[in-house]
$ cat protein18.txt   # compact mmCIF, N, CA and C atoms
# COMPACT_ATOMS: atom_id res chain seq x y z
N MET A 1 -53.80 -137.10 49.45
CA MET A 1 -54.92 -137.72 48.77
C MET A 1 -54.83 -139.23 49.00
N PHE A 2 -56.01 -139.83 49.21
CA PHE A 2 -56.03 -141.27 49.41
C PHE A 2 -56.26 -141.98 48.07
N THR A 3 -55.58 -143.08 47.90
CA THR A 3 -55.76 -143.88 46.68
C THR A 3 -56.84 -144.91 46.93
N LYS A 4 -57.10 -145.73 45.94
CA LYS A 4 -58.13 -146.76 46.07
C LYS A 4 -57.79 -147.77 47.15
N LYS A 5 -56.55 -147.92 47.44
CA LYS A 5 -56.13 -148.90 48.43
C LYS A 5 -56.07 -148.29 49.84
N ASN A 6 -56.66 -147.11 50.01
CA ASN A 6 -56.62 -146.39 51.28
C ASN A 6 -55.21 -146.07 51.75
N GLU A 7 -54.38 -145.85 50.81
CA GLU A 7 -53.03 -145.43 51.12
C GLU A 7 -52.90 -143.95 50.79
N PHE A 8 -52.18 -143.27 51.61
CA PHE A 8 -51.98 -141.83 51.40
C PHE A 8 -50.88 -141.61 50.38
N GLU A 9 -51.19 -140.76 49.43
CA GLU A 9 -50.22 -140.43 48.39
C GLU A 9 -50.17 -138.90 48.28
N PRO A 10 -49.04 -138.28 48.55
CA PRO A 10 -48.97 -136.82 48.49
C PRO A 10 -49.19 -136.31 47.06
N LEU A 11 -49.93 -135.22 46.96
CA LEU A 11 -50.17 -134.62 45.65
C LEU A 11 -48.94 -133.84 45.19
N ASN A 12 -48.59 -132.89 45.93
CA ASN A 12 -47.43 -132.04 45.62
C ASN A 12 -46.75 -131.70 46.93
N GLU A 13 -45.56 -131.34 46.82
CA GLU A 13 -44.88 -130.88 48.02
C GLU A 13 -45.32 -129.45 48.32
N LEU A 14 -45.43 -129.17 49.57
CA LEU A 14 -45.82 -127.83 50.00
C LEU A 14 -44.68 -126.86 49.73
N LYS A 15 -45.02 -125.80 49.05
CA LYS A 15 -44.01 -124.79 48.75
C LYS A 15 -44.22 -123.61 49.70
N VAL A 16 -43.18 -123.24 50.37
CA VAL A 16 -43.24 -122.14 51.33
C VAL A 16 -42.50 -120.95 50.74
N LYS A 17 -43.20 -119.85 50.71
CA LYS A 17 -42.57 -118.64 50.19
C LYS A 17 -42.23 -117.76 51.39
N LYS A 18 -41.02 -117.36 51.48
CA LYS A 18 -40.60 -116.51 52.58
C LYS A 18 -40.89 -115.06 52.24
N LEU A 19 -41.51 -114.39 53.20
CA LEU A 19 -41.79 -112.97 53.04
C LEU A 19 -40.72 -112.17 53.76
N PRO A 20 -40.39 -111.03 53.23
CA PRO A 20 -39.37 -110.22 53.90
C PRO A 20 -39.91 -109.69 55.23
N LEU A 21 -39.07 -109.63 56.22
CA LEU A 21 -39.45 -109.08 57.51
C LEU A 21 -39.56 -107.56 57.40
N PHE A 22 -40.39 -107.00 58.26
CA PHE A 22 -40.49 -105.55 58.29
C PHE A 22 -39.15 -104.97 58.74
N VAL A 23 -38.81 -103.90 58.13
CA VAL A 23 -37.59 -103.23 58.56
C VAL A 23 -37.92 -102.36 59.77
N LYS A 24 -36.91 -101.99 60.51
CA LYS A 24 -37.12 -101.22 61.74
C LYS A 24 -37.88 -99.92 61.48
N LYS A 25 -37.61 -99.31 60.35
CA LYS A 25 -38.28 -98.05 60.02
C LYS A 25 -39.79 -98.26 59.91
N GLN A 26 -40.20 -99.35 59.27
CA GLN A 26 -41.62 -99.64 59.13
C GLN A 26 -42.25 -99.95 60.49
N LEU A 27 -41.55 -100.73 61.29
CA LEU A 27 -42.07 -101.05 62.62
C LEU A 27 -42.23 -99.79 63.47
N HIS A 28 -41.26 -98.90 63.39
CA HIS A 28 -41.34 -97.64 64.13
C HIS A 28 -42.55 -96.82 63.65
N HIS A 29 -42.76 -96.80 62.34
CA HIS A 29 -43.90 -96.06 61.78
C HIS A 29 -45.22 -96.66 62.29
N PHE A 30 -45.34 -97.98 62.23
CA PHE A 30 -46.56 -98.64 62.69
C PHE A 30 -46.82 -98.36 64.17
N LYS A 31 -45.76 -98.39 64.95
CA LYS A 31 -45.88 -98.13 66.39
C LYS A 31 -46.33 -96.68 66.65
N SER A 32 -45.77 -95.75 65.91
CA SER A 32 -46.15 -94.34 66.11
C SER A 32 -47.60 -94.10 65.68
N VAL A 33 -48.05 -94.78 64.63
CA VAL A 33 -49.44 -94.66 64.20
C VAL A 33 -50.36 -95.22 65.29
N GLU A 34 -49.99 -96.36 65.85
CA GLU A 34 -50.78 -96.97 66.91
C GLU A 34 -50.86 -96.06 68.13
N ILE A 35 -49.75 -95.46 68.52
CA ILE A 35 -49.73 -94.55 69.66
C ILE A 35 -50.62 -93.34 69.39
N SER A 36 -50.55 -92.82 68.18
CA SER A 36 -51.38 -91.68 67.80
C SER A 36 -52.87 -92.02 67.87
N LEU A 37 -53.23 -93.19 67.39
CA LEU A 37 -54.63 -93.62 67.43
C LEU A 37 -55.11 -93.80 68.87
N GLU A 38 -54.27 -94.38 69.71
CA GLU A 38 -54.63 -94.55 71.12
C GLU A 38 -54.81 -93.20 71.81
N LYS A 39 -53.94 -92.25 71.48
CA LYS A 39 -54.03 -90.91 72.06
C LYS A 39 -55.35 -90.26 71.66
N ASN A 40 -55.70 -90.37 70.38
CA ASN A 40 -56.96 -89.80 69.90
C ASN A 40 -58.16 -90.44 70.59
N ASP A 41 -58.11 -91.76 70.75
CA ASP A 41 -59.20 -92.47 71.44
C ASP A 41 -59.34 -92.00 72.88
N ASN A 42 -58.21 -91.84 73.56
CA ASN A 42 -58.24 -91.39 74.96
C ASN A 42 -58.77 -89.97 75.07
N GLU A 43 -58.34 -89.09 74.16
CA GLU A 43 -58.82 -87.71 74.18
C GLU A 43 -60.33 -87.66 73.92
N ASP A 44 -60.80 -88.48 73.01
CA ASP A 44 -62.22 -88.54 72.70
C ASP A 44 -63.02 -89.04 73.91
N LYS A 45 -62.48 -90.03 74.59
CA LYS A 45 -63.13 -90.58 75.78
C LYS A 45 -63.23 -89.52 76.88
N VAL A 46 -62.15 -88.81 77.14
CA VAL A 46 -62.13 -87.76 78.16
C VAL A 46 -63.11 -86.65 77.78
N ASN A 47 -63.16 -86.30 76.50
CA ASN A 47 -64.07 -85.26 76.03
C ASN A 47 -65.52 -85.65 76.31
N LYS A 48 -65.88 -86.87 75.97
CA LYS A 48 -67.26 -87.32 76.18
C LYS A 48 -67.60 -87.42 77.66
N GLU A 49 -66.65 -87.86 78.46
CA GLU A 49 -66.88 -87.94 79.91
C GLU A 49 -67.08 -86.56 80.51
N THR A 50 -66.28 -85.59 80.08
CA THR A 50 -66.39 -84.22 80.60
C THR A 50 -67.70 -83.59 80.16
N LYS A 51 -68.10 -83.83 78.93
CA LYS A 51 -69.39 -83.33 78.44
C LYS A 51 -70.52 -83.92 79.28
N ASN A 52 -70.44 -85.20 79.56
CA ASN A 52 -71.45 -85.87 80.37
C ASN A 52 -71.48 -85.30 81.79
N GLN A 53 -70.31 -84.99 82.34
CA GLN A 53 -70.24 -84.39 83.68
C GLN A 53 -70.96 -83.05 83.70
N LEU A 54 -70.74 -82.25 82.67
CA LEU A 54 -71.39 -80.94 82.60
C LEU A 54 -72.91 -81.09 82.52
N GLU A 55 -73.36 -81.97 81.66
CA GLU A 55 -74.80 -82.18 81.52
C GLU A 55 -75.41 -82.68 82.83
N SER A 56 -74.74 -83.62 83.48
CA SER A 56 -75.22 -84.15 84.76
C SER A 56 -75.25 -83.06 85.82
N LYS A 57 -74.24 -82.22 85.83
CA LYS A 57 -74.15 -81.14 86.82
C LYS A 57 -75.32 -80.16 86.65
N ILE A 58 -75.71 -79.89 85.42
CA ILE A 58 -76.84 -79.00 85.17
C ILE A 58 -78.10 -79.58 85.81
N TYR A 59 -78.38 -80.85 85.53
CA TYR A 59 -79.60 -81.48 86.06
C TYR A 59 -79.55 -81.62 87.58
N GLN A 60 -78.41 -82.01 88.11
CA GLN A 60 -78.27 -82.16 89.57
C GLN A 60 -78.43 -80.82 90.27
N THR A 61 -77.89 -79.77 89.67
CA THR A 61 -77.99 -78.44 90.28
C THR A 61 -79.44 -78.00 90.34
N ARG A 62 -80.18 -78.20 89.26
CA ARG A 62 -81.60 -77.83 89.25
C ARG A 62 -82.38 -78.59 90.32
N ASP A 63 -82.05 -79.87 90.47
CA ASP A 63 -82.77 -80.69 91.45
C ASP A 63 -82.49 -80.26 92.89
N ARG A 64 -81.31 -79.76 93.16
CA ARG A 64 -80.89 -79.43 94.53
C ARG A 64 -81.25 -78.01 94.97
N LEU A 65 -81.48 -77.13 94.03
CA LEU A 65 -81.74 -75.73 94.39
C LEU A 65 -83.20 -75.53 94.79
N ASN A 66 -83.41 -74.59 95.72
CA ASN A 66 -84.78 -74.22 96.05
C ASN A 66 -85.25 -73.17 95.03
N GLU A 67 -86.50 -72.77 95.14
CA GLU A 67 -87.07 -71.85 94.14
C GLU A 67 -86.34 -70.51 94.10
N GLU A 68 -85.98 -70.01 95.26
CA GLU A 68 -85.29 -68.71 95.32
C GLU A 68 -83.92 -68.78 94.63
N GLN A 69 -83.18 -69.85 94.93
CA GLN A 69 -81.86 -70.02 94.30
C GLN A 69 -82.00 -70.24 92.79
N LEU A 70 -82.99 -71.02 92.42
CA LEU A 70 -83.21 -71.30 91.00
C LEU A 70 -83.61 -70.04 90.24
N ALA A 71 -84.33 -69.14 90.92
CA ALA A 71 -84.71 -67.88 90.28
C ALA A 71 -83.47 -67.04 89.97
N LYS A 72 -82.43 -67.18 90.81
CA LYS A 72 -81.22 -66.38 90.62
C LYS A 72 -80.34 -66.91 89.48
N ILE A 73 -80.22 -68.23 89.38
CA ILE A 73 -79.29 -68.75 88.35
C ILE A 73 -79.96 -69.70 87.35
N GLY A 74 -81.28 -69.78 87.39
CA GLY A 74 -81.99 -70.66 86.46
C GLY A 74 -81.74 -70.30 85.01
N LYS A 75 -81.75 -69.00 84.71
CA LYS A 75 -81.51 -68.56 83.33
C LYS A 75 -80.09 -68.93 82.89
N PHE A 76 -79.14 -68.79 83.82
CA PHE A 76 -77.75 -69.15 83.53
C PHE A 76 -77.64 -70.64 83.20
N LEU A 77 -78.33 -71.47 83.98
CA LEU A 77 -78.32 -72.91 83.72
C LEU A 77 -78.97 -73.23 82.37
N ASP A 78 -80.05 -72.52 82.06
CA ASP A 78 -80.72 -72.71 80.76
C ASP A 78 -79.78 -72.37 79.60
N GLU A 79 -79.03 -71.29 79.76
CA GLU A 79 -78.10 -70.88 78.70
C GLU A 79 -77.01 -71.92 78.48
N ILE A 80 -76.48 -72.46 79.58
CA ILE A 80 -75.45 -73.49 79.45
C ILE A 80 -76.04 -74.74 78.80
N GLU A 81 -77.24 -75.11 79.23
CA GLU A 81 -77.87 -76.30 78.66
C GLU A 81 -78.15 -76.12 77.17
N ASP A 82 -78.67 -74.96 76.79
CA ASP A 82 -78.93 -74.69 75.37
C ASP A 82 -77.64 -74.73 74.56
N TRP A 83 -76.59 -74.14 75.11
CA TRP A 83 -75.28 -74.17 74.43
C TRP A 83 -74.81 -75.61 74.26
N LEU A 84 -74.95 -76.40 75.31
CA LEU A 84 -74.46 -77.78 75.31
C LEU A 84 -75.25 -78.67 74.35
N LEU A 85 -76.55 -78.58 74.40
CA LEU A 85 -77.38 -79.52 73.64
C LEU A 85 -77.75 -79.04 72.24
N TYR A 86 -77.85 -77.73 72.05
CA TYR A 86 -78.35 -77.24 70.77
C TYR A 86 -77.41 -76.29 70.05
N GLY A 87 -76.36 -75.89 70.70
CA GLY A 87 -75.45 -74.91 70.11
C GLY A 87 -74.08 -75.48 69.84
N ASP A 88 -73.09 -74.62 70.01
CA ASP A 88 -71.71 -75.00 69.72
C ASP A 88 -71.16 -76.03 70.70
N GLY A 89 -71.83 -76.24 71.81
CA GLY A 89 -71.35 -77.17 72.82
C GLY A 89 -71.46 -78.63 72.42
N GLU A 90 -72.20 -78.89 71.38
CA GLU A 90 -72.37 -80.29 70.94
C GLU A 90 -71.03 -80.95 70.63
N ASP A 91 -70.15 -80.22 69.97
CA ASP A 91 -68.84 -80.78 69.59
C ASP A 91 -67.69 -79.92 70.11
N ALA A 92 -67.85 -79.36 71.29
CA ALA A 92 -66.83 -78.46 71.85
C ALA A 92 -65.63 -79.25 72.37
N PRO A 93 -64.49 -78.59 72.47
CA PRO A 93 -63.31 -79.25 73.06
C PRO A 93 -63.49 -79.42 74.57
N THR A 94 -62.73 -80.32 75.12
CA THR A 94 -62.80 -80.64 76.55
C THR A 94 -62.59 -79.40 77.42
N ALA A 95 -61.66 -78.55 77.03
CA ALA A 95 -61.36 -77.34 77.81
C ALA A 95 -62.59 -76.45 77.95
N GLU A 96 -63.41 -76.39 76.91
CA GLU A 96 -64.61 -75.55 76.97
C GLU A 96 -65.63 -76.13 77.94
N TYR A 97 -65.77 -77.45 77.96
CA TYR A 97 -66.67 -78.08 78.94
C TYR A 97 -66.20 -77.79 80.36
N ARG A 98 -64.90 -77.88 80.56
CA ARG A 98 -64.34 -77.60 81.90
C ARG A 98 -64.56 -76.15 82.29
N THR A 99 -64.46 -75.24 81.33
CA THR A 99 -64.71 -73.82 81.60
C THR A 99 -66.16 -73.62 82.04
N GLN A 100 -67.08 -74.30 81.39
CA GLN A 100 -68.50 -74.18 81.74
C GLN A 100 -68.76 -74.76 83.14
N ILE A 101 -68.11 -75.88 83.45
CA ILE A 101 -68.25 -76.47 84.79
C ILE A 101 -67.73 -75.51 85.85
N GLN A 102 -66.59 -74.89 85.57
CA GLN A 102 -66.01 -73.92 86.51
C GLN A 102 -66.94 -72.72 86.68
N ALA A 103 -67.53 -72.25 85.59
CA ALA A 103 -68.46 -71.12 85.67
C ALA A 103 -69.67 -71.48 86.53
N MET A 104 -70.15 -72.70 86.39
CA MET A 104 -71.28 -73.14 87.22
C MET A 104 -70.87 -73.19 88.69
N ASP A 105 -69.68 -73.71 88.97
CA ASP A 105 -69.20 -73.78 90.35
C ASP A 105 -69.11 -72.39 90.96
N GLU A 106 -68.62 -71.43 90.19
CA GLU A 106 -68.50 -70.06 90.68
C GLU A 106 -69.87 -69.45 90.95
N ALA A 107 -70.82 -69.71 90.05
CA ALA A 107 -72.18 -69.19 90.24
C ALA A 107 -72.83 -69.80 91.48
N LEU A 108 -72.58 -71.07 91.71
CA LEU A 108 -73.15 -71.73 92.89
C LEU A 108 -72.51 -71.22 94.18
N THR A 109 -71.24 -70.89 94.12
CA THR A 109 -70.53 -70.37 95.29
C THR A 109 -71.12 -69.01 95.70
N ARG A 110 -71.54 -68.23 94.73
CA ARG A 110 -72.09 -66.89 95.01
C ARG A 110 -73.49 -66.94 95.60
N LEU A 111 -74.15 -68.09 95.56
CA LEU A 111 -75.52 -68.17 96.10
C LEU A 111 -75.55 -68.04 97.60
$ encode --input "protein18.txt" --output "structure tokens"
Amino acid sequence: MFTKKNEFEPLNELKVKKLPLFVKKQLHHFKSVEISLEKNDNEDKVNKETKNQLESKIYQTRDRLNEEQLAKIGKFLDEIEDWLLYGDGEDAPTAEYRTQIQAMDEALTRL
């Protein structure tokens, strides 16, 4: 604080309170929680990417097939799309999306 004479005069001395450091057990716990959260984030990212791949594959397949081929597997593609967008596929696990992609690949191989 400045006085009338423009001289600095300290109000109080700064008091520093020391906080205890985290113990190793706490640090280990925090680290494991962080690792778990990162793992969940990565799994969620892979799940959304795989779901997107399946949806893209449905649309790309329809665009590439001729009428005769589409007549053979069009209903199959519709069923997968309905499952994905309106059924249980909305929140399905990654493995289920991969199974659907594999089923589409097998159906396309048979054409």
$ residues_around --input "protein18.txt" --residues "Ile101 of chain A" --least-positions-apart "3" --cutoff "10 Å" --atoms "only C-alpha atoms" --output "list of chain:residue names"
A:Thr50, A:Lys51, A:Gln53, A:Leu54, A:Glu55, A:Lys57, A:Ile58, A:Ile80, A:Ala95, A:Glu96, A:Tyr97, A:Arg98, A:Met104, A:Asp105, A:Glu106, A:Ala107
$ write_last_selection --input "protein18.txt" --atoms "N, CA and C atoms" --output "compact mmCIF listing (two decimals), keeping the file's coordinate frame"
# COMPACT_ATOMS: atom_id res chain seq x y z
N THR A 50 -66.28 -85.59 80.08
CA THR A 50 -66.39 -84.22 80.60
C THR A 50 -67.70 -83.59 80.16
N LYS A 51 -68.10 -83.83 78.93
CA LYS A 51 -69.39 -83.33 78.44
C LYS A 51 -70.52 -83.92 79.28
N GLN A 53 -70.31 -84.99 82.34
CA GLN A 53 -70.24 -84.39 83.68
C GLN A 53 -70.96 -83.05 83.70
N LEU A 54 -70.74 -82.25 82.67
CA LEU A 54 -71.39 -80.94 82.60
C LEU A 54 -72.91 -81.09 82.52
N GLU A 55 -73.36 -81.97 81.66
CA GLU A 55 -74.80 -82.18 81.52
C GLU A 55 -75.41 -82.68 82.83
N LYS A 57 -74.24 -82.22 85.83
CA LYS A 57 -74.15 -81.14 86.82
C LYS A 57 -75.32 -80.16 86.65
N ILE A 58 -75.71 -79.89 85.42
CA ILE A 58 -76.84 -79.00 85.17
C ILE A 58 -78.10 -79.58 85.81
N ILE A 80 -76.48 -72.46 79.58
CA ILE A 80 -75.45 -73.49 79.45
C ILE A 80 -76.04 -74.74 78.80
N ALA A 95 -61.66 -78.55 77.03
CA ALA A 95 -61.36 -77.34 77.81
C ALA A 95 -62.59 -76.45 77.95
N GLU A 96 -63.41 -76.39 76.91
CA GLU A 96 -64.61 -75.55 76.97
C GLU A 96 -65.63 -76.13 77.94
N TYR A 97 -65.77 -77.45 77.96
CA TYR A 97 -66.67 -78.08 78.94
C TYR A 97 -66.20 -77.79 80.36
N ARG A 98 -64.90 -77.88 80.56
CA ARG A 98 -64.34 -77.60 81.90
C ARG A 98 -64.56 -76.15 82.29
N MET A 104 -70.15 -72.70 86.39
CA MET A 104 -71.28 -73.14 87.22
C MET A 104 -70.87 -73.19 88.69
N ASP A 105 -69.68 -73.71 88.97
CA ASP A 105 -69.20 -73.78 90.35
C ASP A 105 -69.11 -72.39 90.96
N GLU A 106 -68.62 -71.43 90.19
CA GLU A 106 -68.50 -70.06 90.68
C GLU A 106 -69.87 -69.45 90.95
N ALA A 107 -70.82 -69.71 90.05
CA ALA A 107 -72.18 -69.19 90.24
C ALA A 107 -72.83 -69.80 91.48
$ atom_distance --input "protein18.txt" --atom1 "atom C of Ala92 of chain A" --atom2 "atom CA of Asn47 of chain A"
7.2 Å
$ atom_distance --input "protein18.txt" --atom1 "atom CA of Gln102 of chain A" --atom2 "atom CA of Leu65 of chain A"
17.7 Å
$ residues_around --input "protein18.txt" --residues "Gly74 of chain A" --least-positions-apart "4" --cutoff "12 Å" --atoms "only C-alpha atoms" --output "list in words"
Ile58, Tyr59, Thr61, Arg62, Asp63, Arg64, Leu65, Asn66, Glu67, Glu68, Gln69, Leu70, Asp78, Glu79, Ile80, Glu81, Met104, Ala107, Leu108 and Leu111 of chain A
